[in-house]
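Participant: Structure below; questions to follow.
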Amino acid sequence: MKKLTYYPGCSSHGTSEEFDKTVKMVMTSLDVQMEEIPDWNCCGATSAHTLSESLAYALPLRNLVLAEKLDNKTIAIPCASCYQRLKVTKYHMDNNPELALRINTTIVGEGTYTGKVEVKSMLQYCYEEIGLEAIMARVTKPLSGMKLACYYGCLLTRPKAITQFDSPEYPISMDRIVEALGAQATEFDYKTECCGASFSISNTEVVIGLSGKILEMAKESGADAIVVACPLCQSNLDMRQPDIEKHFGKQYHLPVFYFTQLMALAFGADPKELMFNKHIVPVEEALAKIGKVEPGPEKIKKPKKALEAESEVE
Amino acid sequence: METIVKDQHVSIEKPEIAAPPDWEPVIIGILCNWCSYAGSDLTGTSRIQYPPNIRIIRVPCTSRVDPWFLIKALQTTADGVLVSGCHPGDCHYITGNYYARRRFLVTKKLLSFIGFHENRIQFSWVSAAEGPKFAKVVAKVTDDIKKLGPLHLYKKENFEK
Amino acid sequence: MARVGVFVCFCGANIADYVDVPMVVEETKKIREVKFAIEYKYMCSDPGQQLIREAIVQHRLTSIVVAACSPRMHEKTFRKALSDAGMNPYLLEVANIREHSSWVHQKDKKAATEKAADLVRMAVAKSIANEQLFEISVPVTKRALVIGGGIAGIQAALDIADARIPVVLVEKSPSIGGKMAQLDETFPTLDCSQCILTPKMVDVASHPYIELIPYSEVIELEGFVGNYKARIKKKASYVNFATCTGCGACWQKCPVKVPNEYNMGIDKRKAIYTPFPQAVPNKPVIDAAYCTMLLKGKCGICAKVCQVGAIDFKMQEEIIEREIGAVVVATGYDLWDPKPYEEYGVGRFKDIITSLEFERMVSANGPTNGLPVRPSDGKIPKNVVFIKCIGSRDEAKGIEYCSKICCMYTTKHTILLHHKVHDSHAYVFYMDIRAAGKGYEEFVKKAQVDTAATYLRGRVSKIYKKEDKLIVRGEDSQIGQVVEVVADLVVLATAVIPPKDNPELARMLGISYDKYGYLSEAHPKLRPVETAKAGIFLAGCTQAPKDIPDTVAQASACAAKVCGLFAGDTMKKDPMISTVNTEFCSGCQNCVQVCPYGAIVTEEVPMGHGSKEMRTVARINEGVCQGCGSCVAVCRSMAISLAGFTDHQIINEIVSI
Amino acid sequence: MITLGLEEKNEILSEVNRRSGANVLECYQCGKCVSTCPVSNYMDYPPRETMQMIKLGLKNELLMANSSWFCLTCSACSGRCPREIDIPAVMEAIRHIAIEENYINDSKKVKEIRKFHEIFLDMVKRYGRNYELRMMAEFNIRTRNLFKDMHLAPKALLKGKIPLGVKPMKSAKAIQRMYKLAEKLDKKHL
Ligand SMILES: Cc1cc2nc3c(=O)[nH]c(=O)nc-3n(C[C@H](O)[C@H](O)[C@H](O)COP(=O)(O)OP(=O)(O)OC[C@H]3O[C@@H](n4cnc5c(N)ncnc54)[C@H](O)[C@@H]3O)c2cc1C
Ligand SMILES: Cc1cc2nc3c(=O)[nH]c(=O)nc-3n(C[C@H](O)[C@H](O)[C@H](O)COP(=O)(O)OP(=O)(O)OC[C@H]3O[C@@H](n4cnc5c(N)ncnc54)[C@H](O)[C@@H]3O)c2cc1C
Ligand code: SF4
Ligand code: SF4
Ligand code: SF4
Ligand code: SF4
Ligand code: SF4
Ligand code: SF4
Ligand code: SF4
Ligand code: SF4
């Protein structure tokens with residue numbers, strides 16, 4: 001049995017309850033035991049580093065230090081924003097001892113940061129530590145017939161020097177996971193364009209523009225639904241979708257799933273358990289595709305460089 | 001001789017031996033043919049003035065400079081030595097001055113370990129185009145050595161000319 | 001005992017005004033070994049030299065000191081005066097009392113005079129230890145090796161051969177021609193590349209002084225300038241070139257199709273092939289990686305159809321040795337693979353091609369009948385976006401430097417597009433237009449006006465697909481707006497990079513290369529075709545990116561250098577080099593490590609006279625040593641001595657002040 | 001018109017470079033960042049122009065501009081910058097200098113963005129965690145935009161999308177202490 005440290009993040013108790021819940025379900029079926037960081041605090045999100053350098057590091061640092069008290073080598077974090085804050089903090093603490101010492105003084109009494117725990121996003125954990133084979137092995141109800149646009153957002157793979165995971169421009173880890181679940185990942189060029197996450201409340205105009213373009217391109221790719229790995233992406237694309245449709249005068253009908261919801265579904269969980277009722281955009285139509293494999297366009301072959309191509313014999 | 005060796009950079013030269021009133025130091029400048037010697041020629045053709053204490057010896061490359069030359073110079077005629085060559089990467093002989101630089105640093109450590117003040121031997125990079133720089137370097141080295149006074153340490157005073 | 005003559009120069013007023021010359025002469029006369037000392041107004045003038053010549057004879061002098069200007073100025077002049085008087089020229093020493101004294105201490109005559117006297121004393125002391133030295137003459141093998149048969153190698157080979165010096169031209173691929181053979185029309189004049197190249201290639205093939213060794217590589221070079229020996233590995237072509245008539249029956253019948261590298265993989269060639277119709281030599285080779293006969297023992301069709309029985313499946317690779325005196329390296333360049341531009345969807349979108357692919361498409365002998373087409377659907381594109389500086393000037397994804405040629409060939413491509421597809425429109429994303437060259441800016445201006453191409457100043461940030469179009473997004477920084485161009489085809493002007501085996505080649509030849517892998521010239525301005533190793537020269541893009549005019553100019557410069565080197569039957573060399581006294585050498589090989597030229601080898605000598613046991617000692621190759629003295633300083637056994645700068649000479653200078 | 005050559009030295013350049021760890025002088029104005037940036041069209045000066053203004057030393061204009069407040073720190077630009085300039089760090093440096101030196105851009109948008117971040121940090125200070133509903137409400141009240149997003153509220157609340165309470169931390173005190181110490185550190189090191 002694998003063990004990991006879990007940092008749920010603030011939205012796990014709010015807007016992304018279904019993410020939190022399905023992460024737990026999936027980890028249980030994959031035989032992973034999760035230990036929540038005791039009395040964790042908010043990572044500070046974009047607001048902390050917008051206004052204060054020290055707070056931007058201090059808030060995540062407390063969580064890192066608390067996590068070190070548990071005996072696991074990895075913290076896995078579902079929310080991309082929390083993940084990035086903790087990862088960036090870890091990066092600077094590891095690479096700038098002077099800063100580390102300074103920031104450590106803000107969390108008096110909690111302990112000293114040593115850097116022994118690895119920070120990964122939940123997506124990265126599934127892709128790297130669990131692996132496609134183990135995921136595939138659990139699939140009892142393949143999602144064949146579903147065409148999905150995998151949206152990673154900007155925080156999971158950037159900045160590359162810090163995240164060290166997948167490609168910042170055209171990542172494929174989530175695509176491979178949904179393919180392992182039996183679905184088809186579409187060729188989607190807006191995988192890592194920003195949805196405007198941190199402006200969700202303060203600057204909705206921006207969010208509508210950016211998220212609108214993402215929905216547009218996802219539709220263009222032929223997807224039935226979008227898959228995400230971040231609560232902010234989810235709420236921007238899902239909750240704001242009616243507004244966006246109104247603003248652009250277009251209809252998308254693209255439900256926005258957490259990848260763990262789909263994993264749980266493919267592992268055979270009862271759909272009722274998966275909190276689809278919390279979605280603003282109805283999911284039924286997309287889920288109805290499961291099992292109905294269209295002839296559709298042939299699967300996109302991995303492009304080969306011309307000269308590497310095989311020779312042919314007449 | 002009273003010696004106080006605190007660390008290897010502490011000079012054990014005796015400052016209390018006062019310099020004669022009209023004392024002028026002798027400095028030996030060992031210059032590579034292609035850069036610094038040509039640079040010193042340019043200082044001349046540009047008529048840039050510098051202190052007259054330096055006596056120049058031409059070598060093909062600073063890598064030709066044997067640490068022994070420096071020791072011999074300090075032991076006999078010189079109060080200080082300047083070794084000057086091409087800028088790193090510009091060595092006429094590709095890599096010569098890298099070796100020279102490394103060897104020089106070790107020599108300097110060694111000399112200051114046995115008691116010479118570290119300013120007694122200096123190293124610089126002067127290219128064939130840096131006439132003014134050569135004058136500056138010589139002025140600085142001369143100044144440094146003047147401050148240190150005549151060199152008595154290990155001198156073979158009975159040297160025959 | 002030594003008998004030294006000293007000649008102190010006034011240099012008109014140059015020295016005399018600031019140094020008391022007669023006083024220097026008086027001081028000098030006090031030195032025991034000085035048997036003659038005199039001052040004179042202009043030592044370098046003929047009467048001045050005559051003074052030296054006479055004194056040598058009259059006073060039976062054993063060495064001469066001239067106290068005058070810098071030795072960098074007149075050392076040669078005075079050495080000649082010595083030889084004219086029958087004295088070994090290396091018994092001369094020059095005391096530099098002008099640049100090092102009169103000119104730099106103009107305000108203190110006393111100090112300047114004292115210093116001048118010291119400088120003379122030092123020169124006298126050194127000259128006492130001077131020895132007779134003799135110019136080294138090294139025999140020369142008058143044959144040049146040219147590595148690489150692109151336009152650089154072709155030009156160098158032809159120019160050298162025209163001077164009736166034999167040339168061995170080694171080309172890696174089955175034909176010479178290089179990248180130029182793949183080009184359509186060439187800037188800045190739009191001559192057809194094949195039309196100007198093919199005659200030169202034919203000349204190479206028929207030149208009595210050129211031995212062309214295609215499909216081969218140099219694997220070893222030993223020796224030194226004038227006396228190199230090269231080992232050349234000739235790959236098995238499985239076709240006997242001596243009997244093959246080049247009829248082409250074999251490749252027409254061969255059933256195996258392989259992506260055609262000459263056409264950038266856009267079409268196919270056969271497993272037995274000549275790379276292109278104008279190839280030189282125009283004989284096919286079998287590609288062992290694909291021929292089913294060689295791989296699985298099945299087929300043999302080519303052998304059956306060949307009327308002259310030229311096919312030989314048992315052919316083995318061969319090693320050829322040639323003695324040569326000089327080498328021209330002309331291995332050209334490669335193009336950077338744009339895969340790291342993931343934001344452009346490189347590798348995912350078929351309708352993104354590279355400039356060389358475009359060049360093949362628009363070439364009359366290309367795979368698409370001279371028309372640009374979209375690889376995805378074969379349609380003729382209307383809107384074509386050209387993106388410059390791909391991989392160039394991009395330290396994040398590619399390399400730091402500017403590739404120099406892509407501004408110009410992209411301009412050319414807008415013209416070619418305009419010529420071939422009349423209703424097309426070119427969009428060029430650029431950062432700068434670098435058109436410094438004869439007729440270049442004029443070419444760019446004419447192209448911009450004639451084609452009405454849209455120039456957008458900015459780097460493209462993203463390409464994505466919408467239906468069957470590619471949407472290219474970038475900023476036009478001139479109006480400060482983000483623009484998106486709806487494109488049918490995107491052409492990437494990929495960076496020029498050095499061939500990836502250049503470092504290995506450089507190590508084999510004993511020359512250096514820069515951090516990118518370009519071979520290094522001896523001096524960026526004044527010795528741009530020489531390497532630091534005597535007798536090895538560089539031509540073309542292997543040294544740095546350049547276009548055809550620059551390549552040809554450098555190649556001809558190499559030829560001039562080679563001809564200069566071979567001007568006499570022997571080469572004269574400065575005798576100021578190092579030698580090892582094997583008696584003292586302990587065999588530690590410190591010297592071997594530091595020699596920048598690899599001039600030091602080891603050899604076995606008997607332990608003692610007549611002893612059977614052997615020990616290792618160092619030996620310096622006098623043809624290679626450049627006289628830097630690095631080895632002398634590292635030799636702890638004091639076994640090495642550098643003529644002209646011996647320990648004895650330098651110590652004499654030090655202690656004589 | 002801008003007149004150059006009057007300032008002794010370019011302070012904003014050295015200050016931005018120091019804080020961001022980037023070297024703005026390396027920018028060669030390719031504009032790749034501008035067409036990458038999702039919000040460049042909202043910015044007074046998109047990243048490329050910001051870089052040039054830093055080079056010109058136009059301190060007041062830079063610190064008053066909305067650009068740094070609009071930067072989402074999405075790192076898309078820096079991931080593509082051929083000169084590997086950490087553009088979001090540059091934006092952040094400008095924002096922090098503006099805060100410290102009290103340069104206030106009083107456009108409605110910047111005020112709202114700033115307010116949002118302040119309220120967010122306030123929530124965290126109070127509860128150690130973010131309390132989404134309360135934050136939205138406060139934001140609406142404090143920006144005098146009572147009905148903003150109200151059309152979303154019934155559906156979201158109904159679906160349990162936005163819960164009515166927060167599970168506060170046990171050691172919220174520790175967080176408050178941290179805030180105090182961090183504030184001091186900011187002062188000392190900025
Ligand atoms: C798309 C494009 C368009 C261009 N258009 C123009 C133009 O219009 N006008 C212009 O002036 N220039 C143009 N150029 C530039 C031109 O191609 C070069 O200047 C020229 O080809 C350089 O010649 P070269 O001989 O140095 O190199 P290459 O042409 O690369 O020749 C090198 C040769 O050496 C051989 N070789 C490599 N390694 C070895 C080895 N180890 N042993 C033996 N042989 C070896 C190679 O097989 C090759 O034959 C263009 C370039 C490109 C990419
Ligand atoms: C401000 C400036 C800065 C530069 N800096 C650099 C630099 O940093 N690096 C660099 O690489 N290049 C530099 N250059 C360029 C460099 O000066 C030239 O590349 C180089 O000098 C060209 O040499 P040349 O022999 O062709 O011409 P010139 O130097 O012009 O020599 C021509 C000679 O021919 C003589 N002459 C002319 N007509 C006749 C005649 N009819 N009969 C006999 N003799 C004649 C002239 O008197 C002259 O001596 C610079 C140029 C300028 C203007
Ligand atoms: S030898 Fe030199 S110093 Fe003497 S006259 Fe000639 S140039 Fe002048
Ligand atoms: S068929 Fe024979 S002669 Fe003709 S090209 Fe082929 S090998 Fe040469
Ligand atoms: S033997 Fe090889 S080269 Fe010859 S025809 Fe067959 S496959 Fe082609
Ligand atoms: S030549 Fe032009 S296109 Fe090529 S790298 Fe230089 S500036 Fe860019
Ligand atoms: S360094 Fe001296 S002792 Fe050592 S191998 Fe070379 S010559 Fe011989
Ligand atoms: S003098 Fe220099 S070049 Fe000659 S053998 Fe010694 S190290 Fe090599
Ligand atoms: S991408 Fe980088 S180099 Fe280009 S304009 Fe932006 S900051 Fe400057
Ligand atoms: S990090 Fe800021 S400046 Fe850069 S692309 Fe994102 S929003 Fe724009």
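Convention: chains lettered A, B, ... in structure tokens order; per-chain residue numbering from 1; ligands numbered from 1 as shown.
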For chain B against chain C, with a cut-off of 8 Å and counting only C-alpha atoms, what is the closest atom pair and its distance in Å to one decimal for every residue that makes the cut, ordered by chain and number, as JSON lines?

Facilitator:
{"residue": "B:Ile28", "atom": "CA", "partner": "C:Ile654", "partner_atom": "CA", "distance": 7.6}
{"residue": "B:Ala38", "atom": "CA", "partner": "C:Arg72", "partner_atom": "CA", "distance": 7.9}
{"residue": "B:Ser40", "atom": "CA", "partner": "C:His100", "partner_atom": "CA", "distance": 7.2}
{"residue": "B:Asp41", "atom": "CA", "partner": "C:Glu99", "partner_atom": "CA", "distance": 5.2}
{"residue": "B:Leu42", "atom": "CA", "partner": "C:Glu99", "partner_atom": "CA", "distance": 7.6}
{"residue": "B:Thr43", "atom": "CA", "partner": "C:Glu99", "partner_atom": "CA", "distance": 7.3}
{"residue": "B:Gly44", "atom": "CA", "partner": "C:Glu99", "partner_atom": "CA", "distance": 4.1}
{"residue": "B:Thr45", "atom": "CA", "partner": "C:Glu99", "partner_atom": "CA", "distance": 6.3}
{"residue": "B:Arg47", "atom": "CA", "partner": "C:Trp103", "partner_atom": "CA", "distance": 5.3}
{"residue": "B:Ile48", "atom": "CA", "partner": "C:Val104", "partner_atom": "CA", "distance": 5.8}
{"residue": "B:Gln49", "atom": "CA", "partner": "C:Val104", "partner_atom": "CA", "distance": 4.4}
{"residue": "B:Tyr50", "atom": "CA", "partner": "C:Val104", "partner_atom": "CA", "distance": 6.1}
{"residue": "B:Pro51", "atom": "CA", "partner": "C:His105", "partner_atom": "CA", "distance": 7.2}
{"residue": "B:Pro52", "atom": "CA", "partner": "C:Ala111", "partner_atom": "CA", "distance": 6.3}
{"residue": "B:Asn53", "atom": "CA", "partner": "C:Lys115", "partner_atom": "CA", "distance": 7.6}
{"residue": "B:Arg55", "atom": "CA", "partner": "C:Leu119", "partner_atom": "CA", "distance": 6.8}
{"residue": "B:Ile56", "atom": "CA", "partner": "C:Leu119", "partner_atom": "CA", "distance": 7.7}
{"residue": "B:Ile57", "atom": "CA", "partner": "C:Glu653", "partner_atom": "CA", "distance": 7.4}
{"residue": "B:Val59", "atom": "CA", "partner": "C:Phe645", "partner_atom": "CA", "distance": 6.8}
{"residue": "B:Pro60", "atom": "CA", "partner": "C:Cys628", "partner_atom": "CA", "distance": 5.6}
{"residue": "B:Cys61", "atom": "CA", "partner": "C:Cys628", "partner_atom": "CA", "distance": 5.6}
{"residue": "B:Ser63", "atom": "CA", "partner": "C:Ser630", "partner_atom": "CA", "distance": 4.7}
{"residue": "B:Arg64", "atom": "CA", "partner": "C:Gly629", "partner_atom": "CA", "distance": 4.3}
{"residue": "B:Val65", "atom": "CA", "partner": "C:Ala633", "partner_atom": "CA", "distance": 6.2}
{"residue": "B:Asp66", "atom": "CA", "partner": "C:Ala633", "partner_atom": "CA", "distance": 4.8}
{"residue": "B:Pro67", "atom": "CA", "partner": "C:Ala633", "partner_atom": "CA", "distance": 7.9}
{"residue": "B:Phe69", "atom": "CA", "partner": "C:Ile651", "partner_atom": "CA", "distance": 6.8}
{"residue": "B:Lys72", "atom": "CA", "partner": "C:Ile651", "partner_atom": "CA", "distance": 7.7}
{"residue": "B:Ala73", "atom": "CA", "partner": "C:Ile654", "partner_atom": "CA", "distance": 5.9}
{"residue": "B:Thr76", "atom": "CA", "partner": "C:Val655", "partner_atom": "CA", "distance": 6.2}
{"residue": "B:Thr77", "atom": "CA", "partner": "C:Val655", "partner_atom": "CA", "distance": 5.9}
{"residue": "B:Tyr93", "atom": "CA", "partner": "C:Cys628", "partner_atom": "CA", "distance": 6.4}
{"residue": "B:Ile94", "atom": "CA", "partner": "C:Pro596", "partner_atom": "CA", "distance": 6.4}
{"residue": "B:Thr95", "atom": "CA", "partner": "C:Pro596", "partner_atom": "CA", "distance": 6.2}
{"residue": "B:Gly96", "atom": "CA", "partner": "C:Ser630", "partner_atom": "CA", "distance": 6.3}
{"residue": "B:Tyr99", "atom": "CA", "partner": "C:Val594", "partner_atom": "CA", "distance": 7.7}
{"residue": "B:Lys161", "atom": "CA", "partner": "C:Ser656", "partner_atom": "CA", "distance": 5.9}

Participant: Would you export the selected residues with N, CA, C and O atoms as a compact mmCIF listing (two decimals), in the first residue's frame, please?

Facilitator:
# COMPACT_ATOMS: atom_id res chain seq x y z
N ILE B 28 60.82 43.89 -11.67
CA ILE B 28 61.04 43.16 -12.91
C ILE B 28 59.68 42.84 -13.53
O ILE B 28 58.80 42.32 -12.86
N ALA B 38 53.73 43.72 -26.56
CA ALA B 38 53.25 44.59 -27.63
C ALA B 38 52.48 45.77 -27.03
O ALA B 38 52.58 46.90 -27.51
N SER B 40 53.05 47.13 -24.13
CA SER B 40 54.01 48.06 -23.53
C SER B 40 54.69 48.89 -24.62
O SER B 40 55.01 50.06 -24.42
N ASP B 41 54.89 48.28 -25.79
CA ASP B 41 55.42 49.04 -26.93
C ASP B 41 54.45 50.15 -27.31
O ASP B 41 54.85 51.28 -27.61
N LEU B 42 53.16 49.80 -27.24
CA LEU B 42 52.15 50.79 -27.61
C LEU B 42 52.13 51.95 -26.61
O LEU B 42 51.95 53.11 -26.98
N THR B 43 52.35 51.61 -25.34
CA THR B 43 52.44 52.68 -24.33
C THR B 43 53.53 53.64 -24.75
O THR B 43 53.39 54.86 -24.64
N GLY B 44 54.64 53.06 -25.24
CA GLY B 44 55.75 53.88 -25.69
C GLY B 44 55.39 54.72 -26.90
O GLY B 44 55.54 55.94 -26.87
N THR B 45 54.87 54.08 -27.93
CA THR B 45 54.55 54.85 -29.14
C THR B 45 53.48 55.90 -28.84
O THR B 45 53.45 56.94 -29.50
N ARG B 47 53.48 57.53 -26.11
CA ARG B 47 54.15 58.46 -25.18
C ARG B 47 53.41 58.58 -23.85
O ARG B 47 53.36 59.66 -23.27
N ILE B 48 52.82 57.51 -23.41
CA ILE B 48 52.16 57.56 -22.10
C ILE B 48 53.24 57.35 -21.04
O ILE B 48 54.02 56.39 -21.14
N GLN B 49 53.29 58.24 -20.06
CA GLN B 49 54.38 58.19 -19.08
C GLN B 49 54.03 57.29 -17.89
O GLN B 49 52.88 57.24 -17.47
N TYR B 50 55.04 56.57 -17.40
CA TYR B 50 54.83 55.77 -16.18
C TYR B 50 56.12 55.73 -15.36
O TYR B 50 57.19 56.11 -15.88
N PRO B 51 56.05 55.30 -14.11
CA PRO B 51 57.26 55.32 -13.28
C PRO B 51 58.37 54.47 -13.88
O PRO B 51 58.10 53.41 -14.46
N PRO B 52 59.62 54.89 -13.75
CA PRO B 52 60.73 54.24 -14.45
C PRO B 52 61.31 53.03 -13.74
O PRO B 52 62.38 52.57 -14.12
N ASN B 53 60.64 52.52 -12.76
CA ASN B 53 61.26 51.46 -11.95
C ASN B 53 61.25 50.08 -12.59
O ASN B 53 61.91 49.16 -12.12
N ARG B 55 61.82 46.98 -15.14
CA ARG B 55 62.79 46.46 -16.11
C ARG B 55 62.12 45.28 -16.78
O ARG B 55 61.75 44.30 -16.12
N ILE B 56 62.00 45.38 -18.10
CA ILE B 56 61.16 44.39 -18.77
C ILE B 56 61.95 43.25 -19.39
O ILE B 56 62.97 43.44 -20.05
N ILE B 57 61.44 42.03 -19.16
CA ILE B 57 62.01 40.83 -19.75
C ILE B 57 60.96 40.22 -20.68
O ILE B 57 59.81 40.08 -20.29
N VAL B 59 59.27 37.24 -22.79
CA VAL B 59 59.16 35.78 -22.93
C VAL B 59 58.09 35.50 -23.98
O VAL B 59 57.24 36.35 -24.22
N PRO B 60 58.13 34.31 -24.58
CA PRO B 60 57.13 34.07 -25.62
C PRO B 60 55.71 34.08 -25.05
O PRO B 60 54.79 34.57 -25.69
N CYS B 61 55.57 33.56 -23.85
CA CYS B 61 54.23 33.36 -23.30
C CYS B 61 54.38 33.32 -21.79
O CYS B 61 55.41 32.88 -21.29
N SER B 63 53.25 31.31 -19.95
CA SER B 63 53.40 29.92 -19.52
C SER B 63 54.88 29.51 -19.47
O SER B 63 55.21 28.48 -18.92
N ARG B 64 55.74 30.33 -20.06
CA ARG B 64 57.18 30.04 -20.00
C ARG B 64 57.74 30.40 -18.61
O ARG B 64 58.82 29.98 -18.24
N VAL B 65 56.98 31.18 -17.84
CA VAL B 65 57.51 31.71 -16.59
C VAL B 65 57.58 30.61 -15.52
O VAL B 65 56.57 30.08 -15.10
N ASP B 66 58.79 30.31 -15.15
CA ASP B 66 59.03 29.30 -14.13
C ASP B 66 58.95 30.01 -12.77
O ASP B 66 59.52 31.09 -12.61
N PRO B 67 58.26 29.43 -11.77
CA PRO B 67 58.20 30.06 -10.46
C PRO B 67 59.59 30.42 -9.93
O PRO B 67 59.77 31.39 -9.21
N PHE B 69 61.96 31.74 -11.51
CA PHE B 69 62.36 33.09 -11.94
C PHE B 69 61.91 34.12 -10.91
O PHE B 69 62.64 35.06 -10.59
N LYS B 72 63.96 33.78 -7.77
CA LYS B 72 65.32 34.26 -8.03
C LYS B 72 65.34 35.80 -8.07
O LYS B 72 66.23 36.44 -7.50
N ALA B 73 64.33 36.38 -8.71
CA ALA B 73 64.29 37.83 -8.84
C ALA B 73 64.19 38.48 -7.46
O ALA B 73 64.92 39.42 -7.14
N THR B 76 67.40 38.24 -5.53
CA THR B 76 68.58 38.95 -6.00
C THR B 76 68.32 40.44 -6.22
O THR B 76 68.53 41.25 -5.35
N THR B 77 67.79 40.78 -7.38
CA THR B 77 67.78 42.18 -7.76
C THR B 77 66.48 42.93 -7.52
O THR B 77 66.47 44.15 -7.46
N TYR B 93 49.08 31.19 -27.82
CA TYR B 93 49.33 29.75 -27.83
C TYR B 93 48.12 28.98 -27.28
O TYR B 93 48.27 28.00 -26.57
N ILE B 94 46.93 29.48 -27.54
CA ILE B 94 45.67 28.85 -27.19
C ILE B 94 45.40 28.81 -25.69
O ILE B 94 44.52 29.49 -25.19
N THR B 95 46.20 27.96 -24.96
CA THR B 95 45.85 27.75 -23.56
C THR B 95 46.95 28.16 -22.61
O THR B 95 46.80 28.02 -21.41
N GLY B 96 48.06 28.65 -23.15
CA GLY B 96 49.24 28.92 -22.32
C GLY B 96 48.94 29.72 -21.08
O GLY B 96 49.33 29.34 -19.98
N TYR B 99 47.45 27.98 -17.91
CA TYR B 99 48.42 27.29 -17.07
C TYR B 99 49.20 28.29 -16.23
O TYR B 99 49.44 28.10 -15.05
N LYS B 161 77.57 41.87 -9.36
CA LYS B 161 76.90 42.33 -10.58
C LYS B 161 77.77 42.06 -11.80
O LYS B 161 78.96 42.27 -11.78

Participant: Could you list, as a VMD selection string, all protein and nucleic acid residues with an atom at most 10 Å from ligand 4, counting only C-alpha atoms and all ligand atoms?

Facilitator: chain C and resid 238 to 254 272 to 274 282 to 286 301 to 312

Participant: Applying 7 Å and only C-alpha atoms, which residues near stretch 264-268 of chain A remain after dropping the ones on its own chain fewer than 4 positions away? List them as a list in words.

Facilitator: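 Answer for this query is Thr22, Met25, Val26, Arg138, Val139, Thr140, Lys141, Pro142, Leu143, Leu181 and Thr260 of chain A.
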
Participant: Using only C-alpha atoms and all ligand atoms, determine which residues fall within 8 Å of ligand 3, then list them as a PyMOL selection string.

Facilitator: chain C and resi 9-12+14-15+41-45+67-70+73-74+97-98

Participant: Need the shell around A:Pro38: protein/DNA/RNA residues with any atom at most 12 Å away, counting only C-alpha atoms. Skip same-chain ones fewer than 3 positions apart. Format as a ChimeraX atom specification?

Facilitator: /A:5-8,34-35,41,62-70,110 /D:169-171
